Amino acid sequence: MRSGRSHPQPWRLAAVALAVAALWACDRPGDNADDRLAPCGIDEGPTDAYCGGFEVFENRAAAAGRRIRLKIVVLPALSNSPKPDPVVLLAGGPGQGAARMARQVRGMFRRMQADRDILLVDQRGTGDSNGLECAADDDSLAQLNESEEATLARLRACLAGYDADVRFYTTDLAMDDLDDVRAWLGYEQLNIYGGSYGTRAGLVYLRQHEDRVRAIVLDGVAPPDMRLPTFFARDAQRALDKLIADCEASAGCATRAPGPRRADASALRAARDGAADGPARAPAHGRRGRRACRCGAGGQHHCRRAVLAAHLVHRARAHRARRARRLPWPAGAGDDGESDVLNMSAGMQLSVICAEDEPRIEAGDLDRASAGSVFASHLVAGRLEACRFWPRGSVPADYYEPVTSDGLP
């Protein structure tokens with residue numbers, strides 16, 4: 001007796017299977033990625049992204065010995081017919097991990113993701129690609145004002161504890177890694193977006209793999225010949241001035257952290273020089289910081305940083321506190337992953353600076369570049385002193401020559 005339920009014809013089953021496979025393929029990045037990446041776990045990245053890893057030799061020239069597993073996150077294009085070339089974010093620092101910033105990048109690059117994959121790779125020595133971390137033991141801002149002796153001791157201890165030969169964490173090697181990842185995932189060309197140090201990385205990739213670059217955007221250019229850390233104090237001063245200006249322009253922020261700019265500058269100098277002692281509390285941030293923000297084009301992330309910076313200088317001015325440097329990073333600062341944006345791999349940063357920048361910095365360069373900044377050369381001197389014991393890698397002979405391209409429109 002028939003059940004009354006019709007059985008689908010074999011050709012219909014095949015059609016459904018092909019349709020499902022086609023939809024799956026549209027969601028997957030690259031031609032070869034369907035069996036090489038998997039949906040991200042909640043602790044790996046956005047759960048609507050794809051995660052995985054690719055191994056490279058630490059010593060690429062020898063092609064033997066220690067291997068590094070590069071962390072990869074791909075935010076797939078939202079279109080059913082995506083463009084074949086992804087956007088690649090090259091992070092700043094040096095020391096930021098791009099894959100670790102996937103949640104922030106998704107919000108910032110949402111329009112680009114409409115029809116292109118977003119490819120994020122933690123550069124060797126950053127994030128989850130054998131990250132050469134070297135932070136202070138406590139979760140605070142203390143290391144921003146620790147003594148040079150303490151900083152150097154911490155860096156020596158980290159260097160001794162790394163499972164790495166830090167000579168092999170330079171930009172040129174990392175950009176060859178990126179090209180290996182590109183080929184492994186099946187992308188023919190890349191659209192590169194580099195910010196700050198990421199512009200240097202992008203230029204190096206362009207020089208080494210020009211035929212694989214469809215387009216490149218350089219945001220805040222820091223080319224290979226810039227002697228990168230020389231201008232840290234000057235740039236930090238400019239960033240602080242703009243943050244304070246944003247706070248002054250916002251009624252909510254200005255109310256929570258009142259005070260004239262000159263007093264704020266004096267307070268920062270006092271905190272830097274270890275003036276008087278006194279109590280210090282964590283600045284209001286998190287939910288209250290969000291409510292205080294009424295910024296425009298800068299967005300909530302930018303505005304919340306303005307609130308934090310304003311509170312730091314306000315507390316320093318109110319207490320003239322040496323212990324202001326012990327302010328803990330506020331609870332909730334990383335609720336949206338913002339702390340990942342701020343985290344730097346100090347060891348990787350030194351591997352880049354000591355090999356690529358420090359040999360070209362001459363006596364007096366730091367004093368001239370940091371003149372007029374409340375930070376003076378504090379942000380740079382310890383790094384350059386560390387280069388005296390930090391193993392130094394080599395760079396290509398043409399590394400500091402201008403980068404040119406005949407292939408880009």
# chains A, B, ... in the order shown; residues from 1 in each chain; ligands from 1

call {"tool": "residues_around", "arguments": {"residues": "Pro39 in chain A", "least_positions_apart": "2", "cutoff": "8 Å", "atoms": "only C-alpha atoms", "output": "PyMOL selection string"}}
result
chain A and resi 37+41+47-51

call {"tool": "select_by_dssp", "arguments": {"residues": "range 66-175 of chain A", "states": "strand (DSSP E or B)", "output": "list of chain:residue names"}}
result
A:Arg67, A:Ile68, A:Arg69, A:Leu70, A:Lys71, A:Ile72, A:Val73, A:Val74, A:Leu75, A:Val87, A:Val88, A:Leu89, A:Leu90, A:Ile118, A:Leu119, A:Leu120, A:Val121, A:Ser140

call {"tool": "residues_around", "arguments": {"residues": "Asp165 in chain A", "least_positions_apart": "3", "cutoff": "10 Å", "atoms": "only C-alpha atoms", "output": "list of chain:residue names"}}
result
A:Glu58, A:Asn59, A:Arg66, A:Leu159, A:Tyr162, A:Phe168, A:Tyr169, A:Ser351, A:Pro391, A:Arg392, A:Gly393

call {"tool": "residues_around", "arguments": {"residues": "range 194-208 of chain A", "least_positions_apart": "5", "cutoff": "10 Å", "atoms": "only C-alpha atoms", "output": "PDB file with N, CA and C atoms, in the first residue's frame"}}
result
ATOM      1  N   VAL A  88      42.967  43.532   2.199  1.00  0.00           N
ATOM      2  CA  VAL A  88      43.867  43.067   3.255  1.00  0.00           C
ATOM      3  C   VAL A  88      44.245  44.251   4.131  1.00  0.00           C
ATOM      4  N   LEU A  89      43.963  44.157   5.418  1.00  0.00           N
ATOM      5  CA  LEU A  89      44.377  45.197   6.353  1.00  0.00           C
ATOM      6  C   LEU A  89      45.746  44.862   6.915  1.00  0.00           C
ATOM      7  N   LEU A  90      46.700  45.782   6.757  1.00  0.00           N
ATOM      8  CA  LEU A  90      48.021  45.645   7.370  1.00  0.00           C
ATOM      9  C   LEU A  90      48.058  46.575   8.577  1.00  0.00           C
ATOM     10  N   ALA A  91      48.206  45.990   9.752  1.00  0.00           N
ATOM     11  CA  ALA A  91      48.044  46.723  11.008  1.00  0.00           C
ATOM     12  C   ALA A  91      49.259  47.588  11.317  1.00  0.00           C
ATOM     13  N   GLY A  92      49.061  48.482  12.304  1.00  0.00           N
ATOM     14  CA  GLY A  92      50.097  49.442  12.663  1.00  0.00           C
ATOM     15  C   GLY A  92      50.971  48.965  13.798  1.00  0.00           C
ATOM     16  N   GLY A  93      51.614  49.946  14.415  1.00  0.00           N
ATOM     17  CA  GLY A  93      52.504  49.638  15.536  1.00  0.00           C
ATOM     18  C   GLY A  93      53.910  50.182  15.318  1.00  0.00           C
ATOM     19  N   PRO A  94      54.843  49.310  14.873  1.00  0.00           N
ATOM     20  CA  PRO A  94      54.655  47.891  14.607  1.00  0.00           C
ATOM     21  C   PRO A  94      54.345  47.110  15.884  1.00  0.00           C
ATOM     22  N   GLY A  95      53.537  46.053  15.721  1.00  0.00           N
ATOM     23  CA  GLY A  95      53.220  45.200  16.853  1.00  0.00           C
ATOM     24  C   GLY A  95      51.771  44.802  16.974  1.00  0.00           C
ATOM     25  N   GLN A  96      50.867  45.436  16.224  1.00  0.00           N
ATOM     26  CA  GLN A  96      49.464  45.041  16.279  1.00  0.00           C
ATOM     27  C   GLN A  96      49.226  43.805  15.429  1.00  0.00           C
ATOM     28  N   ALA A  98      46.591  41.972  13.073  1.00  0.00           N
ATOM     29  CA  ALA A  98      45.407  42.314  12.285  1.00  0.00           C
ATOM     30  C   ALA A  98      44.259  41.349  12.548  1.00  0.00           C
ATOM     31  N   GLN A 123      50.574  39.273  11.644  1.00  0.00           N
ATOM     32  CA  GLN A 123      51.949  39.244  11.147  1.00  0.00           C
ATOM     33  C   GLN A 123      52.818  38.450  12.106  1.00  0.00           C
ATOM     34  N   THR A 170      61.303  40.614  10.785  1.00  0.00           N
ATOM     35  CA  THR A 170      61.355  41.884  10.067  1.00  0.00           C
ATOM     36  C   THR A 170      60.227  41.970   9.030  1.00  0.00           C
ATOM     37  N   THR A 171      60.040  43.170   8.503  1.00  0.00           N
ATOM     38  CA  THR A 171      58.910  43.432   7.609  1.00  0.00           C
ATOM     39  C   THR A 171      58.991  42.651   6.307  1.00  0.00           C
ATOM     40  N   ASP A 172      60.180  42.578   5.708  1.00  0.00           N
ATOM     41  CA  ASP A 172      60.290  41.917   4.408  1.00  0.00           C
ATOM     42  C   ASP A 172      59.933  40.443   4.497  1.00  0.00           C
ATOM     43  N   LEU A 173      60.332  39.775   5.571  1.00  0.00           N
ATOM     44  CA  LEU A 173      59.993  38.363   5.739  1.00  0.00           C
ATOM     45  C   LEU A 173      58.494  38.191   5.952  1.00  0.00           C
ATOM     46  N   ALA A 174      57.907  39.102   6.717  1.00  0.00           N
ATOM     47  CA  ALA A 174      56.467  39.019   6.984  1.00  0.00           C
ATOM     48  C   ALA A 174      55.657  39.208   5.710  1.00  0.00           C
ATOM     49  N   MET A 175      56.119  40.044   4.803  1.00  0.00           N
ATOM     50  CA  MET A 175      55.375  40.267   3.566  1.00  0.00           C
ATOM     51  C   MET A 175      55.499  39.077   2.613  1.00  0.00           C
ATOM     52  N   ASP A 176      56.589  38.334   2.680  1.00  0.00           N
ATOM     53  CA  ASP A 176      56.656  37.073   1.945  1.00  0.00           C
ATOM     54  C   ASP A 176      55.705  36.045   2.561  1.00  0.00           C
ATOM     55  N   ASP A 177      55.566  36.077   3.889  1.00  0.00           N
ATOM     56  CA  ASP A 177      54.551  35.233   4.545  1.00  0.00           C
ATOM     57  C   ASP A 177      53.164  35.526   3.989  1.00  0.00           C
ATOM     58  N   LEU A 178      52.839  36.825   3.905  1.00  0.00           N
ATOM     59  CA  LEU A 178      51.517  37.220   3.433  1.00  0.00           C
ATOM     60  C   LEU A 178      51.270  36.705   2.024  1.00  0.00           C
ATOM     61  N   ASP A 179      52.285  36.755   1.182  1.00  0.00           N
ATOM     62  CA  ASP A 179      52.082  36.264  -0.178  1.00  0.00           C
ATOM     63  C   ASP A 179      51.869  34.757  -0.199  1.00  0.00           C
ATOM     64  N   VAL A 213      49.368  42.896  -6.522  1.00  0.00           N
ATOM     65  CA  VAL A 213      48.671  44.045  -5.928  1.00  0.00           C
ATOM     66  C   VAL A 213      47.745  44.662  -6.967  1.00  0.00           C
ATOM     67  N   ARG A 214      46.462  44.661  -6.689  1.00  0.00           N
ATOM     68  CA  ARG A 214      45.498  45.331  -7.564  1.00  0.00           C
ATOM     69  C   ARG A 214      45.398  46.811  -7.224  1.00  0.00           C
ATOM     70  N   ALA A 215      45.366  47.131  -5.920  1.00  0.00           N
ATOM     71  CA  ALA A 215      45.266  48.516  -5.454  1.00  0.00           C
ATOM     72  C   ALA A 215      45.867  48.596  -4.065  1.00  0.00           C
ATOM     73  N   ILE A 216      46.301  49.798  -3.688  1.00  0.00           N
ATOM     74  CA  ILE A 216      46.890  49.976  -2.361  1.00  0.00           C
ATOM     75  C   ILE A 216      46.489  51.345  -1.814  1.00  0.00           C
ATOM     76  N   VAL A 217      46.073  51.377  -0.544  1.00  0.00           N
ATOM     77  CA  VAL A 217      45.724  52.602   0.160  1.00  0.00           C
ATOM     78  C   VAL A 217      46.693  52.760   1.325  1.00  0.00           C
ATOM     79  N   LEU A 218      47.341  53.912   1.410  1.00  0.00           N
ATOM     80  CA  LEU A 218      48.308  54.196   2.468  1.00  0.00           C
ATOM     81  C   LEU A 218      47.740  55.296   3.347  1.00  0.00           C
ATOM     82  N   ASP A 219      47.447  54.961   4.593  1.00  0.00           N
ATOM     83  CA  ASP A 219      46.798  55.885   5.522  1.00  0.00           C
ATOM     84  C   ASP A 219      47.786  56.256   6.619  1.00  0.00           C
ATOM     85  N   GLY A 220      48.346  57.468   6.564  1.00  0.00           N
ATOM     86  CA  GLY A 220      49.360  57.883   7.532  1.00  0.00           C
ATOM     87  C   GLY A 220      50.700  57.265   7.179  1.00  0.00           C
ATOM     88  N   VAL A 221      51.282  57.719   6.091  1.00  0.00           N
ATOM     89  CA  VAL A 221      52.412  57.010   5.479  1.00  0.00           C
ATOM     90  C   VAL A 221      53.650  57.030   6.372  1.00  0.00           C
ATOM     91  N   ALA A 222      54.233  55.852   6.560  1.00  0.00           N
ATOM     92  CA  ALA A 222      55.485  55.675   7.304  1.00  0.00           C
ATOM     93  C   ALA A 222      56.384  54.767   6.476  1.00  0.00           C
ATOM     94  N   PRO A 223      57.038  55.307   5.444  1.00  0.00           N
ATOM     95  CA  PRO A 223      57.814  54.474   4.524  1.00  0.00           C
ATOM     96  C   PRO A 223      59.055  53.888   5.180  1.00  0.00           C
ATOM     97  N   PRO A 224      59.711  52.951   4.512  1.00  0.00           N
ATOM     98  CA  PRO A 224      60.878  52.289   5.113  1.00  0.00           C
ATOM     99  C   PRO A 224      61.992  53.231   5.538  1.00  0.00           C
ATOM    100  N   ASP A 225      62.142  54.381   4.879  1.00  0.00           N
ATOM    101  CA  ASP A 225      63.248  55.284   5.217  1.00  0.00           C
ATOM    102  C   ASP A 225      62.867  56.338   6.248  1.00  0.00           C
ATOM    103  N   MET A 226      61.754  56.158   6.951  1.00  0.00           N
ATOM    104  CA  MET A 226      61.251  57.209   7.839  1.00  0.00           C
ATOM    105  C   MET A 226      61.982  57.259   9.181  1.00  0.00           C
ATOM    106  N   LEU A 228      61.257  55.254  11.894  1.00  0.00           N
ATOM    107  CA  LEU A 228      59.926  55.288  12.489  1.00  0.00           C
ATOM    108  C   LEU A 228      59.829  55.822  13.920  1.00  0.00           C
ATOM    109  N   ASP A 398      68.090  47.058  -1.089  1.00  0.00           N
ATOM    110  CA  ASP A 398      67.333  48.195  -1.621  1.00  0.00           C
ATOM    111  C   ASP A 398      66.196  48.622  -0.699  1.00  0.00           C
ATOM    112  N   TYR A 399      66.262  48.224   0.567  1.00  0.00           N
ATOM    113  CA  TYR A 399      65.119  48.406   1.463  1.00  0.00           C
ATOM    114  C   TYR A 399      64.704  49.867   1.608  1.00  0.00           C
ATOM    115  N   TYR A 400      65.661  50.785   1.630  1.00  0.00           N
ATOM    116  CA  TYR A 400      65.361  52.190   1.893  1.00  0.00           C
ATOM    117  C   TYR A 400      65.170  53.007   0.607  1.00  0.00           C
ATOM    118  N   PRO A 402      63.150  54.414  -2.662  1.00  0.00           N
ATOM    119  CA  PRO A 402      61.729  54.692  -2.917  1.00  0.00           C
ATOM    120  C   PRO A 402      61.062  53.523  -3.637  1.00  0.00           C
ATOM    121  N   VAL A 403      59.831  53.252  -3.266  1.00  0.00           N
ATOM    122  CA  VAL A 403      59.086  52.164  -3.895  1.00  0.00           C
ATOM    123  C   VAL A 403      58.346  52.719  -5.107  1.00  0.00           C
ATOM    124  N   THR A 404      58.535  52.105  -6.237  1.00  0.00           N
ATOM    125  CA  THR A 404      57.857  52.523  -7.459  1.00  0.00           C
ATOM    126  C   THR A 404      57.066  51.355  -8.004  1.00  0.00           C
ATOM    127  N   SER A 405      56.066  51.666  -8.834  1.00  0.00           N
ATOM    128  CA  SER A 405      55.249  50.619  -9.426  1.00  0.00           C
ATOM    129  C   SER A 405      54.806  51.026 -10.823  1.00  0.00           C
ATOM    130  N   GLY A 407      52.766  48.758 -12.416  1.00  0.00           N
ATOM    131  CA  GLY A 407      51.595  47.932 -12.660  1.00  0.00           C
ATOM    132  C   GLY A 407      50.292  48.498 -12.145  1.00  0.00           C
ATOM    133  N   LEU A 408      50.354  49.475 -11.208  1.00  0.00           N
ATOM    134  CA  LEU A 408      49.119  50.038 -10.646  1.00  0.00           C
ATOM    135  C   LEU A 408      48.585  51.131 -11.548  1.00  0.00           C
TER     136      LEU A 408
END

call {"tool": "atom_distance", "arguments": {"atom1": "CA of Gly125 in chain A", "atom2": "CA of Ser345 in chain A"}}
result
7.0 Å

call {"tool": "atom_distance", "arguments": {"atom1": "CA of Ser373 in chain A", "atom2": "CA of Ala153 in chain A"}}
result
26.5 Å

call {"tool": "residues_around", "arguments": {"residues": "Leu70 in chain A", "least_positions_apart": "4", "cutoff": "6 Å", "atoms": "only C-alpha atoms", "output": "ChimeraX atom specification"}}
result
/A:53-54,129

call {"tool": "write_last_selection", "arguments": {"atoms": "all heavy atoms", "output": "CSV table (one decimal), in the first residue's frame"}}
result
chain,number,residue,atom,x,y,z
A,53,GLY,N,44.9,28.7,10.1
A,53,GLY,CA,46.3,29.0,10.3
A,53,GLY,C,47.1,28.4,9.2
A,53,GLY,O,46.7,27.4,8.5
A,54,PHE,N,48.2,29.0,8.9
A,54,PHE,CA,49.1,28.6,7.9
A,54,PHE,C,50.6,28.6,8.4
A,54,PHE,O,51.0,29.6,9.0
A,54,PHE,CB,49.0,29.5,6.6
A,54,PHE,CG,49.9,29.1,5.5
A,54,PHE,CD1,49.7,28.0,4.7
A,54,PHE,CD2,51.1,29.9,5.2
A,54,PHE,CE1,50.5,27.7,3.7
A,54,PHE,CE2,51.9,29.6,4.2
A,54,PHE,CZ,51.7,28.5,3.4
A,129,SER,N,50.2,34.7,16.1
A,129,SER,CA,51.3,34.2,15.2
A,129,SER,C,52.6,34.3,15.9
A,129,SER,O,53.5,35.0,15.6
A,129,SER,CB,51.3,35.0,13.9
A,129,SER,OG,50.1,34.9,13.2

call {"tool": "atom_distance", "arguments": {"atom1": "CA of Arg36 in chain A", "atom2": "CA of Arg111 in chain A"}}
result
25.8 Å
